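Structure file input-v1.cif; described as mmCIF, C-alpha atoms; chains and numbers go by the auth columns.
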data_start
#
loop_
_atom_site.group_PDB
_atom_site.id
_atom_site.type_symbol
_atom_site.label_atom_id
_atom_site.label_comp_id
_atom_site.label_asym_id
_atom_site.label_seq_id
_atom_site.Cartn_x
_atom_site.Cartn_y
_atom_site.Cartn_z
_atom_site.B_iso_or_equiv
_atom_site.auth_seq_id
_atom_site.auth_asym_id
ATOM 1 C CA MET A 1 -39.549 4.557 -28.934 0.00 1 A
ATOM 2 C CA GLN A 2 -38.085 1.624 -30.871 0.00 2 A
ATOM 3 C CA ARG A 3 -34.531 2.994 -30.591 0.00 3 A
ATOM 4 C CA GLU A 4 -34.940 3.390 -26.859 0.00 4 A
ATOM 5 C CA ILE A 5 -36.171 -0.197 -26.602 0.00 5 A
ATOM 6 C CA VAL A 6 -33.165 -1.457 -28.562 0.00 6 A
ATOM 7 C CA ALA A 7 -30.871 0.454 -26.185 0.00 7 A
ATOM 8 C CA LEU A 8 -32.587 -1.258 -23.237 0.00 8 A
ATOM 9 C CA LEU A 9 -32.201 -4.810 -24.589 0.00 9 A
ATOM 10 C CA PRO A 10 -29.123 -5.696 -22.496 0.00 10 A
ATOM 11 C CA ARG A 11 -30.894 -4.590 -19.312 0.00 11 A
ATOM 12 C CA LEU A 12 -34.075 -6.426 -20.306 0.00 12 A
ATOM 13 C CA ARG A 13 -32.121 -9.612 -20.964 0.00 13 A
ATOM 14 C CA ARG A 14 -30.297 -9.287 -17.642 0.00 14 A
ATOM 15 C CA PHE A 15 -33.577 -8.752 -15.789 0.00 15 A
ATOM 16 C CA GLY A 16 -35.123 -11.688 -17.645 0.00 16 A
ATOM 17 C CA ARG A 17 -32.151 -13.891 -16.759 0.00 17 A
ATOM 18 C CA THR A 18 -32.477 -12.955 -13.120 0.00 18 A
ATOM 19 C CA LEU A 19 -36.191 -13.721 -13.069 0.00 19 A
ATOM 20 C CA THR A 20 -36.027 -16.964 -15.008 0.00 20 A
ATOM 21 C CA GLY A 21 -32.620 -18.405 -14.182 0.00 21 A
ATOM 22 C CA THR A 22 -31.832 -19.523 -17.736 0.00 22 A
ATOM 23 C CA ARG A 23 -30.766 -17.763 -20.911 0.00 23 A
ATOM 24 C CA GLU A 24 -33.340 -19.563 -23.000 0.00 24 A
ATOM 25 C CA ASP A 25 -36.240 -18.628 -20.748 0.00 25 A
ATOM 26 C CA ALA A 26 -34.908 -15.088 -20.428 0.00 26 A
ATOM 27 C CA ASP A 27 -34.764 -14.675 -24.205 0.00 27 A
ATOM 28 C CA ASP A 28 -38.290 -16.028 -24.519 0.00 28 A
ATOM 29 C CA LEU A 29 -39.474 -13.675 -21.788 0.00 29 A
ATOM 30 C CA VAL A 30 -37.853 -10.654 -23.440 0.00 30 A
ATOM 31 C CA GLN A 31 -39.470 -11.575 -26.747 0.00 31 A
ATOM 32 C CA VAL A 32 -42.915 -11.915 -25.178 0.00 32 A
ATOM 33 C CA ALA A 33 -42.501 -8.634 -23.307 0.00 33 A
ATOM 34 C CA LEU A 34 -41.352 -6.766 -26.410 0.00 34 A
ATOM 35 C CA GLU A 35 -44.265 -8.127 -28.422 0.00 35 A
ATOM 36 C CA ARG A 36 -46.659 -6.949 -25.739 0.00 36 A
ATOM 37 C CA ALA A 37 -44.946 -3.571 -25.497 0.00 37 A
ATOM 38 C CA LEU A 38 -45.027 -2.974 -29.239 0.00 38 A
ATOM 39 C CA ASN A 39 -48.637 -4.139 -29.509 0.00 39 A
ATOM 40 C CA HIS A 40 -49.628 -1.786 -26.694 0.00 40 A
ATOM 41 C CA ALA A 41 -47.207 1.065 -27.401 0.00 41 A
ATOM 42 C CA ALA A 42 -50.045 3.581 -27.211 0.00 42 A
ATOM 43 C CA GLN A 43 -50.432 2.745 -23.509 0.00 43 A
ATOM 44 C CA TRP A 44 -46.932 3.986 -22.661 0.00 44 A
ATOM 45 C CA GLN A 45 -46.941 7.544 -21.392 0.00 45 A
ATOM 46 C CA PRO A 46 -43.958 9.490 -22.783 0.00 46 A
ATOM 47 C CA ASP A 47 -43.494 11.390 -19.504 0.00 47 A
ATOM 48 C CA THR A 48 -42.768 8.114 -17.673 0.00 48 A
ATOM 49 C CA ARG A 49 -39.682 5.906 -17.698 0.00 49 A
ATOM 50 C CA LEU A 50 -39.656 3.413 -20.548 0.00 50 A
ATOM 51 C CA ASP A 51 -37.424 0.973 -18.661 0.00 51 A
ATOM 52 C CA SER A 52 -39.816 0.780 -15.716 0.00 52 A
ATOM 53 C CA TRP A 53 -42.738 0.219 -18.071 0.00 53 A
ATOM 54 C CA LEU A 54 -40.903 -2.600 -19.855 0.00 54 A
ATOM 55 C CA PHE A 55 -39.742 -4.171 -16.584 0.00 55 A
ATOM 56 C CA ARG A 56 -43.356 -4.178 -15.427 0.00 56 A
ATOM 57 C CA ILE A 57 -44.450 -5.888 -18.652 0.00 57 A
ATOM 58 C CA MET A 58 -41.703 -8.486 -18.171 0.00 58 A
ATOM 59 C CA GLN A 59 -42.670 -9.102 -14.557 0.00 59 A
ATOM 60 C CA ASN A 60 -46.301 -9.641 -15.554 0.00 60 A
ATOM 61 C CA ALA A 61 -45.307 -11.877 -18.463 0.00 61 A
ATOM 62 C CA TRP A 62 -43.181 -13.983 -16.114 0.00 62 A
ATOM 63 C CA ILE A 63 -46.055 -14.328 -13.661 0.00 63 A
ATOM 64 C CA ASP A 64 -48.249 -15.449 -16.550 0.00 64 A
ATOM 65 C CA GLU A 65 -45.616 -17.984 -17.608 0.00 65 A
ATOM 66 C CA LEU A 66 -45.260 -19.400 -14.095 0.00 66 A
ATOM 67 C CA ARG A 67 -49.008 -19.831 -13.837 0.00 67 A
ATOM 68 C CA SER A 68 -49.067 -21.526 -17.208 0.00 68 A
ATOM 69 C CA ARG A 69 -46.265 -23.890 -16.193 0.00 69 A
ATOM 70 C CA ARG A 70 -48.066 -24.827 -13.026 0.00 70 A
ATOM 71 C CA ARG A 71 -51.166 -25.647 -15.040 0.00 71 A
ATOM 72 C CA ARG A 72 -49.169 -27.718 -17.507 0.00 72 A
ATOM 73 C CA GLU A 73 -47.009 -29.193 -14.738 0.00 73 A
ATOM 74 C CA ALA A 74 -44.014 -28.878 -17.018 0.00 74 A
ATOM 75 C CA THR A 75 -40.834 -26.849 -16.984 0.00 75 A
ATOM 76 C CA PHE A 76 -38.347 -25.783 -19.584 0.00 76 A
ATOM 77 C CA VAL A 77 -35.162 -27.760 -19.992 0.00 77 A
ATOM 78 C CA ALA A 78 -32.367 -26.690 -17.659 0.00 78 A
ATOM 79 C CA GLU A 79 -29.299 -24.877 -18.978 0.00 79 A
ATOM 80 C CA GLU A 80 -26.759 -26.953 -20.795 0.00 80 A
ATOM 81 C CA GLU A 81 -23.664 -27.821 -18.807 0.00 81 A
ATOM 82 C CA GLY A 82 -21.193 -26.547 -21.407 0.00 82 A
ATOM 83 C CA GLU A 83 -22.383 -22.948 -21.249 0.00 83 A
ATOM 84 C CA HIS A 84 -19.145 -21.527 -19.889 0.00 84 A
ATOM 85 C CA VAL A 85 -16.614 -23.237 -22.144 0.00 85 A
ATOM 86 C CA GLY A 86 -13.681 -20.907 -22.686 0.00 86 A
ATOM 87 C CA VAL A 87 -14.165 -18.770 -19.565 0.00 87 A
ATOM 88 C CA ASP A 88 -10.729 -17.541 -18.481 0.00 88 A
ATOM 89 C CA SER A 89 -10.964 -17.601 -14.732 0.00 89 A
ATOM 90 C CA ALA A 90 -12.141 -20.709 -12.967 0.00 90 A
ATOM 91 C CA ALA A 91 -12.547 -18.741 -9.733 0.00 91 A
ATOM 92 C CA ALA A 92 -14.662 -16.074 -11.440 0.00 92 A
ATOM 93 C CA HIS A 93 -16.762 -18.810 -12.991 0.00 93 A
ATOM 94 C CA GLN A 94 -17.243 -20.477 -9.610 0.00 94 A
ATOM 95 C CA ASP A 95 -18.205 -17.161 -8.000 0.00 95 A
ATOM 96 C CA ALA A 96 -20.696 -16.365 -10.760 0.00 96 A
ATOM 97 C CA LEU A 97 -22.143 -19.856 -10.475 0.00 97 A
ATOM 98 C CA ALA A 98 -22.448 -19.509 -6.694 0.00 98 A
ATOM 99 C CA VAL A 99 -24.261 -16.184 -7.065 0.00 99 A
ATOM 100 C CA ARG A 100 -26.632 -17.628 -9.696 0.00 100 A
ATOM 101 C CA GLN A 101 -27.321 -20.638 -7.507 0.00 101 A
ATOM 102 C CA ALA A 102 -27.943 -18.428 -4.488 0.00 102 A
ATOM 103 C CA LEU A 103 -30.315 -16.247 -6.522 0.00 103 A
ATOM 104 C CA ALA A 104 -32.123 -19.338 -7.753 0.00 104 A
ATOM 105 C CA THR A 105 -32.886 -20.375 -4.177 0.00 105 A
ATOM 106 C CA LEU A 106 -34.709 -17.105 -3.485 0.00 106 A
ATOM 107 C CA SER A 107 -38.456 -16.892 -3.894 0.00 107 A
ATOM 108 C CA ASP A 108 -39.783 -15.318 -7.084 0.00 108 A
ATOM 109 C CA GLU A 109 -40.701 -12.160 -5.155 0.00 109 A
ATOM 110 C CA HIS A 110 -37.230 -11.804 -3.654 0.00 110 A
ATOM 111 C CA ARG A 111 -35.489 -12.533 -6.973 0.00 111 A
ATOM 112 C CA ALA A 112 -37.544 -9.837 -8.720 0.00 112 A
ATOM 113 C CA VAL A 113 -36.699 -7.260 -6.039 0.00 113 A
ATOM 114 C CA VAL A 114 -32.989 -8.095 -6.202 0.00 114 A
ATOM 115 C CA ALA A 115 -33.041 -7.907 -9.999 0.00 115 A
ATOM 116 C CA LEU A 116 -34.707 -4.514 -10.131 0.00 116 A
ATOM 117 C CA VAL A 117 -32.915 -2.781 -7.260 0.00 117 A
ATOM 118 C CA LEU A 118 -29.492 -4.403 -7.002 0.00 118 A
ATOM 119 C CA VAL A 119 -28.919 -5.467 -10.602 0.00 119 A
ATOM 120 C CA GLU A 120 -30.858 -2.903 -12.635 0.00 120 A
ATOM 121 C CA GLY A 121 -30.342 -0.038 -10.205 0.00 121 A
ATOM 122 C CA LEU A 122 -33.945 1.143 -10.061 0.00 122 A
ATOM 123 C CA ALA A 123 -34.914 3.385 -7.184 0.00 123 A
ATOM 124 C CA TYR A 124 -37.047 1.730 -4.531 0.00 124 A
ATOM 125 C CA LYS A 125 -40.083 3.738 -5.606 0.00 125 A
ATOM 126 C CA GLU A 126 -39.705 2.721 -9.263 0.00 126 A
ATOM 127 C CA ALA A 127 -39.138 -0.925 -8.395 0.00 127 A
ATOM 128 C CA ALA A 128 -42.209 -0.891 -6.150 0.00 128 A
ATOM 129 C CA GLU A 129 -44.248 0.536 -9.023 0.00 129 A
ATOM 130 C CA VAL A 130 -42.934 -2.108 -11.443 0.00 130 A
ATOM 131 C CA LEU A 131 -43.895 -4.868 -9.028 0.00 131 A
ATOM 132 C CA ASP A 132 -47.126 -3.140 -7.988 0.00 132 A
ATOM 133 C CA ILE A 133 -46.326 -3.395 -4.282 0.00 133 A
ATOM 134 C CA PRO A 134 -46.017 -0.798 -1.515 0.00 134 A
ATOM 135 C CA ILE A 135 -42.521 0.593 -0.991 0.00 135 A
ATOM 136 C CA GLY A 136 -42.467 -0.832 2.538 0.00 136 A
ATOM 137 C CA THR A 137 -43.077 -4.302 1.153 0.00 137 A
ATOM 138 C CA LEU A 138 -40.273 -3.795 -1.338 0.00 138 A
ATOM 139 C CA THR A 139 -37.801 -2.711 1.350 0.00 139 A
ATOM 140 C CA SER A 140 -38.658 -5.637 3.622 0.00 140 A
ATOM 141 C CA ARG A 141 -38.398 -8.112 0.733 0.00 141 A
ATOM 142 C CA LEU A 142 -35.064 -6.621 -0.267 0.00 142 A
ATOM 143 C CA ALA A 143 -33.755 -6.840 3.303 0.00 143 A
ATOM 144 C CA ARG A 144 -34.812 -10.500 3.556 0.00 144 A
ATOM 145 C CA ALA A 145 -33.337 -11.264 0.131 0.00 145 A
ATOM 146 C CA ARG A 146 -30.014 -9.636 1.062 0.00 146 A
ATOM 147 C CA GLU A 147 -29.885 -11.593 4.313 0.00 147 A
ATOM 148 C CA ALA A 148 -30.590 -14.827 2.474 0.00 148 A
ATOM 149 C CA LEU A 149 -27.938 -14.104 -0.159 0.00 149 A
ATOM 150 C CA GLN A 150 -25.370 -13.172 2.486 0.00 150 A
ATOM 151 C CA ALA A 151 -26.108 -16.367 4.375 0.00 151 A
ATOM 152 C CA ARG A 152 -25.712 -18.473 1.238 0.00 152 A
ATOM 153 C CA LEU A 153 -22.643 -16.624 -0.065 0.00 153 A
ATOM 154 C CA GLY A 154 -20.978 -15.897 3.275 0.00 154 A
ATOM 155 C CA GLY A 155 -18.150 -18.324 2.680 0.00 155 A
ATOM 156 C CA MET A 156 -17.208 -16.967 -0.741 0.00 156 A
ATOM 157 C CA GLU A 157 -14.653 -14.428 0.504 0.00 157 A
ATOM 158 C CA ASN A 158 -12.908 -17.224 2.373 0.00 158 A
ATOM 159 C CA THR A 159 -12.431 -19.238 -0.810 0.00 159 A
ATOM 160 C CA ALA A 160 -10.663 -16.476 -2.767 0.00 160 A
#
Since I need it in another form, could you write the structure as structure tokens?
Amino acid sequence: MQREIVALLPRLRRFGRTLTGTREDADDLVQVALERALNHAAQWQPDTRLDSWLFRIMQNAWIDELRSRRRREATFVAEEEGEHVGVDSAAAHQDALAVRQALATLSDEHRAVVALVLVEGLAYKEAAEVLDIPIGTLTSRLARAREALQARLGGMENTA
């Protein structure tokens, strides 16, 4: 199981980044999720997908973190401005920044759906199970999220 988890780390980090919006928060979220997964490894059923199980743990950990932040009325420090020093293409950087900003404007529910289905490539059924929502809810959230992203990013193809 540990080797499989190590192989999933890039996907877990990407999902965490999509949920949280920052590398630092994403790394913290992955660490919390992996601690929970390893502490509760006996709860994973070998005939089920490990990635879906870990995504579910991450989603729940993020919900816990958001609740905790609301109680504390504090947030983590935003990403440092110099994150992309040395990136070759200014246009690619601008596009990536625009996509990240557009994702950040989505609700938590829409961001999670986009991350699981569009970024991680989970089937609708698996993503619905990870988020513990009916598949119809997932499809409607995904449709609304896509519409919102298209509205926010609609001018990108005109800038290239």
One decimal, in Å: what's the spacing between CA of Leu19 (chain A) and CA of Leu116 (chain A)?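 Distance reported for this atom pair: 9.8 Å.
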Got a sec: who's within 12 Å of region 106-115 of chain A, counting only C-alpha atoms, leaving out chain neighbours fewer than 3 positions off, as a ChimeraX atom specification? /A:11-21,55-56,58-60,62-63,66,99-103,118-133,135,137-152
Option closest in space to Asp64 (chain A), from A:Leu29, A:Ser52, A:Gln43, A:Ala37 [counting all atoms listed in the file]: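 Residue with the minimum atom-to-atom distance to Asp64 (chain A): A:Leu29.
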Please report, as JSON, the centre and edge lengths in Å to one decimal of an axis-aligned box covering all listed atoms of region 95-112 of chain A with 5 Å per side.
{"center_x": -29.5, "center_y": -15.2, "center_z": -7.1, "size_x": 32.5, "size_y": 20.8, "size_z": 17.3}
Restricting to only C-alpha atoms, whichever of A:Asp25, A:Glu4, A:Asp95, A:Glu35 is closest to Leu153 (chain A) is A:Asp95
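Atom pair CA of Leu97 (chain A) / CA of Pro10 (chain A): separated by 19.8 Å.
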Could you pull the residues within 12 Å of Ala41 (chain A), counting all atoms listed in the file, minus those fewer than 2 positions along the same chain, as a list in words? Met1, Gln2, Ile5, Ala33, Leu34, Glu35, Arg36, Ala37, Leu38, Asn39, Gln43, Trp44, Gln45, Pro46, Leu50, Trp53, Leu54 and Ile57 of chain A
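Across the structure, CA of Arg71 (chain A) and CA of His40 (chain A) are spaced 26.6 Å apart.
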Your completed region 15-42 of chain A with N, CA and C atoms, as a compact mmCIF listing (two decimals), keeping the file's coordinate frame:
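Output file out.txt follows:
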# COMPACT_ATOMS: atom_id res chain seq x y z
N PHE A 15 -32.44 -8.62 -16.70
CA PHE A 15 -33.58 -8.75 -15.79
C PHE A 15 -34.29 -10.08 -16.03
N GLY A 16 -34.48 -10.42 -17.30
CA GLY A 16 -35.12 -11.69 -17.64
C GLY A 16 -34.32 -12.87 -17.14
N ARG A 17 -33.01 -12.80 -17.23
CA ARG A 17 -32.15 -13.89 -16.76
C ARG A 17 -32.27 -14.04 -15.25
N THR A 18 -32.36 -12.90 -14.57
CA THR A 18 -32.48 -12.96 -13.12
C THR A 18 -33.82 -13.55 -12.71
N LEU A 19 -34.87 -13.18 -13.40
CA LEU A 19 -36.19 -13.72 -13.07
C LEU A 19 -36.28 -15.21 -13.36
N THR A 20 -35.78 -15.61 -14.53
CA THR A 20 -36.03 -16.96 -15.01
C THR A 20 -34.95 -17.96 -14.61
N GLY A 21 -33.72 -17.51 -14.53
CA GLY A 21 -32.62 -18.40 -14.18
C GLY A 21 -31.93 -19.06 -15.36
N THR A 22 -32.48 -18.94 -16.56
CA THR A 22 -31.83 -19.52 -17.74
C THR A 22 -31.84 -18.53 -18.88
N ARG A 23 -30.84 -18.65 -19.74
CA ARG A 23 -30.77 -17.76 -20.91
C ARG A 23 -31.95 -17.99 -21.85
N GLU A 24 -32.27 -19.25 -22.06
CA GLU A 24 -33.34 -19.56 -23.00
C GLU A 24 -34.67 -18.97 -22.54
N ASP A 25 -35.00 -19.18 -21.28
CA ASP A 25 -36.24 -18.63 -20.75
C ASP A 25 -36.20 -17.11 -20.75
N ALA A 26 -35.04 -16.55 -20.44
CA ALA A 26 -34.91 -15.09 -20.43
C ALA A 26 -35.14 -14.51 -21.83
N ASP A 27 -34.56 -15.14 -22.83
CA ASP A 27 -34.76 -14.68 -24.20
C ASP A 27 -36.23 -14.77 -24.61
N ASP A 28 -36.86 -15.87 -24.23
CA ASP A 28 -38.29 -16.03 -24.52
C ASP A 28 -39.10 -14.95 -23.81
N LEU A 29 -38.76 -14.68 -22.57
CA LEU A 29 -39.47 -13.68 -21.79
C LEU A 29 -39.30 -12.28 -22.40
N VAL A 30 -38.09 -11.95 -22.81
CA VAL A 30 -37.85 -10.65 -23.44
C VAL A 30 -38.67 -10.54 -24.72
N GLN A 31 -38.70 -11.61 -25.50
CA GLN A 31 -39.47 -11.58 -26.75
C GLN A 31 -40.96 -11.35 -26.47
N VAL A 32 -41.50 -12.07 -25.52
CA VAL A 32 -42.92 -11.92 -25.18
C VAL A 32 -43.19 -10.49 -24.70
N ALA A 33 -42.31 -9.98 -23.85
CA ALA A 33 -42.50 -8.63 -23.31
C ALA A 33 -42.42 -7.58 -24.41
N LEU A 34 -41.47 -7.74 -25.32
CA LEU A 34 -41.35 -6.77 -26.41
C LEU A 34 -42.55 -6.82 -27.35
N GLU A 35 -43.05 -8.02 -27.60
CA GLU A 35 -44.26 -8.13 -28.42
C GLU A 35 -45.42 -7.40 -27.76
N ARG A 36 -45.59 -7.63 -26.46
CA ARG A 36 -46.66 -6.95 -25.74
C ARG A 36 -46.46 -5.44 -25.74
N ALA A 37 -45.23 -5.01 -25.53
CA ALA A 37 -44.95 -3.57 -25.50
C ALA A 37 -45.24 -2.92 -26.85
N LEU A 38 -44.81 -3.56 -27.91
CA LEU A 38 -45.03 -2.97 -29.24
C LEU A 38 -46.50 -3.01 -29.63
N ASN A 39 -47.20 -4.06 -29.22
CA ASN A 39 -48.64 -4.14 -29.51
C ASN A 39 -49.45 -3.13 -28.70
N HIS A 40 -48.92 -2.72 -27.57
CA HIS A 40 -49.63 -1.79 -26.69
C HIS A 40 -48.83 -0.50 -26.50
N ALA A 41 -48.07 -0.11 -27.51
CA ALA A 41 -47.21 1.06 -27.40
C ALA A 41 -48.00 2.32 -27.07
N ALA A 42 -49.23 2.39 -27.48
CA ALA A 42 -50.04 3.58 -27.21
C ALA A 42 -50.33 3.74 -25.72
